[in-house]
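Down below is the structure, laid out as structure tokens.
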Amino acid sequence: MTDTNIDPQTSAFENEASFGDYIALLKPRVMSLVVFTALVGLVVAPVPVHPFVAAVSILFIAIGGGASGALNMWYDSDIDTIMKRTKGRPIPAGKITRGEAFGFGIALSAFACVLLGLASNFVAAGLLAFTIFFYAVVYTIWLKRSTPQNIVIGGAAGAFPPMIGWAVATGGVSVESVLLFMIIFMWTPPHFWALALFMNDDYTKAGVPMLPVTHGRRATRNHIFGYTLALAPFALGAAFTSIGGLFYLVVSVALNAWFIIGAYGLWRRADDAAADDNYKDERKFFKFSLLYLFLHFGALLVEAALKSNDLYGAITWP
Amino acid sequence: MAITKESDMHKSRFGRNLGLGLVLGGFVAIIFFLTVVKVTEGDPMQAFDHVVRTDYEAAQ
């Protein structure tokens with residue numbers, strides 16, 4: 001036997017999918033955002049939920065979100081192979097077949113919806129089923145490759161989790177949960193378009209019609225600024241509902257001012273200047289957009305804690 | 001080659017099998033505790049105990 005000998009038994013199994021590959025199919029990073037926003041929707045709702053039912057419901061919402069991620073990877077495996085950012089995913093890496101990913105996604109979708117219905121209520125389960133359908137069919141199969149407005153409509157899928165969390169507690173939909181939905185819905189386009197400004201090459205190669213590819217960077221900068229302005233009324237409006245308060249209002253005013261100033265800066269920026277400094281401001285705006293969403297939902301959690309502990313005292317709020 | 005306990009297939013699949021086992025065990029635990037919570041937190045239930053229920057009759 002020499003050093004160059006290859007054991008056929010080893011090579012037959014070394015490319016087999018590990019447990020982690022199945023977890024990767026569920027897009028854990030997206031899942032963490034789903035968990036956080038759904039948790040906020042559930043906690044700020046006016047109806048208390050048993051902690052175990054709440055935890056289990058969040059788990060099933062996360063599994064449902066993950067299942068839609070698996071269906072996305074099933075359908076998009078051809079372009080995932082082309083893009084640098086996605087070619088390490090389990091299907092392009094040859095660890096999991098397309099059929100397996102499809103079966104896994106469909107089975108987990110049904111499992112998550114039925115169990116969420118049994119654990120909480122069927123309004124929440126229906127919303128979860130619609131979210132999975134929206135992400136897998138409306139966004140992934142239909143819009144992603146056909147229109148540069150793909151992420152505007154597709155963003156709705158990411159905006160549903162707090163609404164589902166709210167429905168777990170209340171069994172319905174109300175103005176507060178619609179506002180939570182609108183905050184994420186209006187936030188998604190500036191967030192992803194900022195990314196597309198400096199990750200343009202990947203999308204161009206894959207033939208995904210992102211706005212900078214189809215309409216140019218100037219139009220993208222206009223859209224980012226427009227959506228950032230349109231987002232502010234929804235974010236600020238939540239302060240005047242039952243889930244908002246003085247603390248949330250102060251945080252929201254500061255964050256929206258910061259976000260609008262950032263978007264205005266991107267709007268005024270010439271593309272040559274951006275290319276010269278390797279899209280420094282665009283990268284900064286993208287990072288801040290993540291913080292914007294996290295701090296808004298975090299402020300709502302703080303608000304719920306302030307109210308439940310009666311820390312506002314004599315201060316009254318509309 | 002016969003598949004034995006020490007085969008490469010067993011070694012390479014150990015992590016996957018362990019993960020699946022833990023997920024299934026976790027699922028059983030979730031259903032069990034969910035049932036306990038649902039039963040103990042549910043609305044008070046009234047069982048038929050062969051006694052005339054006057055409140056029920058009055059409601060009719």
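So you can find residues: chains in the structure tokens are A, B, ... in the order shown, residues in each start at 1, and ligands are numbered from 1 in order.
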
Problem - DSSP alpha helix (DSSP H) residues within range 109-269 of chain A, as an MDAnalysis selection string - result: chainID A and resid 109:119 122:133 150:170 175:198 200:206 211:214 216:237 246:268

Handout entry: At most 9 Å to chain A: residues in chain B, only C-alpha atoms, as a list in words
Key =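 Here is what falls inside 9 Å: Met1, Ser7, Asp8, Met9, Ser12, Arg13, Gly15, Arg16, Asn17, Leu18, Gly19, Leu20, Ile30, Phe33, Leu34, Val37, Lys38 and Glu41 of chain B.
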
Let's have the selection written as a compact mmCIF listing (two decimals), in the first residue's frame, with N, CA, C and O atoms.
# COMPACT_ATOMS: atom_id res chain seq x y z
N MET B 1 -17.73 -5.91 0.46
CA MET B 1 -17.31 -5.83 1.88
C MET B 1 -18.54 -5.84 2.79
O MET B 1 -19.52 -5.14 2.52
N SER B 7 -17.75 -0.16 10.00
CA SER B 7 -17.60 0.26 8.61
C SER B 7 -17.60 1.79 8.51
O SER B 7 -18.11 2.49 9.40
N ASP B 8 -17.07 2.29 7.39
CA ASP B 8 -16.99 3.74 7.20
C ASP B 8 -18.37 4.37 7.11
O ASP B 8 -18.57 5.51 7.48
N MET B 9 -19.31 3.59 6.59
CA MET B 9 -20.66 4.12 6.47
C MET B 9 -21.22 4.46 7.86
O MET B 9 -21.80 5.51 8.06
N SER B 12 -19.43 7.56 9.18
CA SER B 12 -19.79 8.84 8.54
C SER B 12 -21.24 9.23 8.83
O SER B 12 -21.58 10.39 8.79
N ARG B 13 -22.08 8.24 9.11
CA ARG B 13 -23.49 8.56 9.36
C ARG B 13 -23.83 8.72 10.83
O ARG B 13 -24.98 9.00 11.17
N GLY B 15 -23.10 11.01 13.06
CA GLY B 15 -23.57 12.35 13.43
C GLY B 15 -24.99 12.59 12.97
O GLY B 15 -25.81 13.14 13.70
N ARG B 16 -25.27 12.13 11.77
CA ARG B 16 -26.60 12.34 11.21
C ARG B 16 -27.64 11.54 11.99
O ARG B 16 -28.72 12.03 12.31
N ASN B 17 -27.30 10.30 12.31
CA ASN B 17 -28.24 9.46 13.06
C ASN B 17 -28.46 9.99 14.47
O ASN B 17 -29.59 10.00 14.97
N LEU B 18 -27.38 10.45 15.07
CA LEU B 18 -27.49 11.02 16.42
C LEU B 18 -28.39 12.26 16.39
O LEU B 18 -29.29 12.42 17.22
N GLY B 19 -28.17 13.14 15.40
CA GLY B 19 -28.98 14.35 15.26
C GLY B 19 -30.44 14.03 15.08
O GLY B 19 -31.31 14.59 15.74
N LEU B 20 -30.72 13.07 14.22
CA LEU B 20 -32.11 12.70 13.95
C LEU B 20 -32.75 12.11 15.21
O LEU B 20 -33.90 12.40 15.53
N ILE B 30 -41.79 17.52 23.29
CA ILE B 30 -42.62 18.71 23.01
C ILE B 30 -44.10 18.33 23.03
O ILE B 30 -44.92 18.99 23.66
N PHE B 33 -45.23 17.59 26.71
CA PHE B 33 -45.41 18.77 27.57
C PHE B 33 -46.51 19.70 27.04
O PHE B 33 -47.21 20.34 27.82
N LEU B 34 -46.68 19.73 25.74
CA LEU B 34 -47.76 20.53 25.16
C LEU B 34 -49.11 19.98 25.61
O LEU B 34 -50.03 20.73 25.96
N VAL B 37 -49.66 20.97 29.22
CA VAL B 37 -50.03 22.39 29.33
C VAL B 37 -51.46 22.60 28.86
O VAL B 37 -52.26 23.28 29.51
N LYS B 38 -51.82 21.99 27.74
CA LYS B 38 -53.17 22.17 27.19
C LYS B 38 -54.23 21.65 28.16
O LYS B 38 -55.28 22.26 28.34
N GLU B 41 -54.13 23.97 31.48
CA GLU B 41 -54.46 25.37 31.28
C GLU B 41 -55.81 25.56 30.58
O GLU B 41 -56.25 26.68 30.37

Practice task
Go through A:Thr131, A:Thr228, A:Thr241, A:Thr214 and flag the residue nearest Met186 in chain A, using only C-alpha atoms for the distances.
Solution key: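 So, comparing all the options, the nearest one is A:Thr228.
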
Problem - Interatomic distance, CA of Asp202 in chain A to CA of Leu71 in chain A (Å, one decimal) - result: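 Answer for the CA of Asp202 in chain A to CA of Leu71 in chain A separation: 21.0 Å.
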
Exercise for the section: Just the residues within 7 Å of range 95-109 of chain A, please, counting only C-alpha atoms, with nothing from its chain fewer than 3 positions along; format it as number ranges by chain. Expected result: A: 15-17, 63-64, 67-68, 70-71, 74, 90-91, 112-113

Problem - Spatial neighbours of range 263-274 of chain A, max dist 12 Å, only C-alpha atoms, sep filter under 6 positions, as a VMD selection string - result: chain A and resid 187 190 to 191 193 to 194 197 to 198 212 216 to 231 256 to 257 280 to 286 288 to 289

Handout entry: CA of Leu59 in chain A to CA of Val168 in chain A, straight-line distance in Å
Key =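 Straight-line distance from CA of Val168 in chain A to CA of Leu59 in chain A works out to 12.1 Å.
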
Exercise for the section: Measure the distance from CA of Ser146 in chain A to CA of Ile132 in chain A in Å and round it to one decimal. Expected result: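 Here the two named atoms are 19.5 Å from each other.
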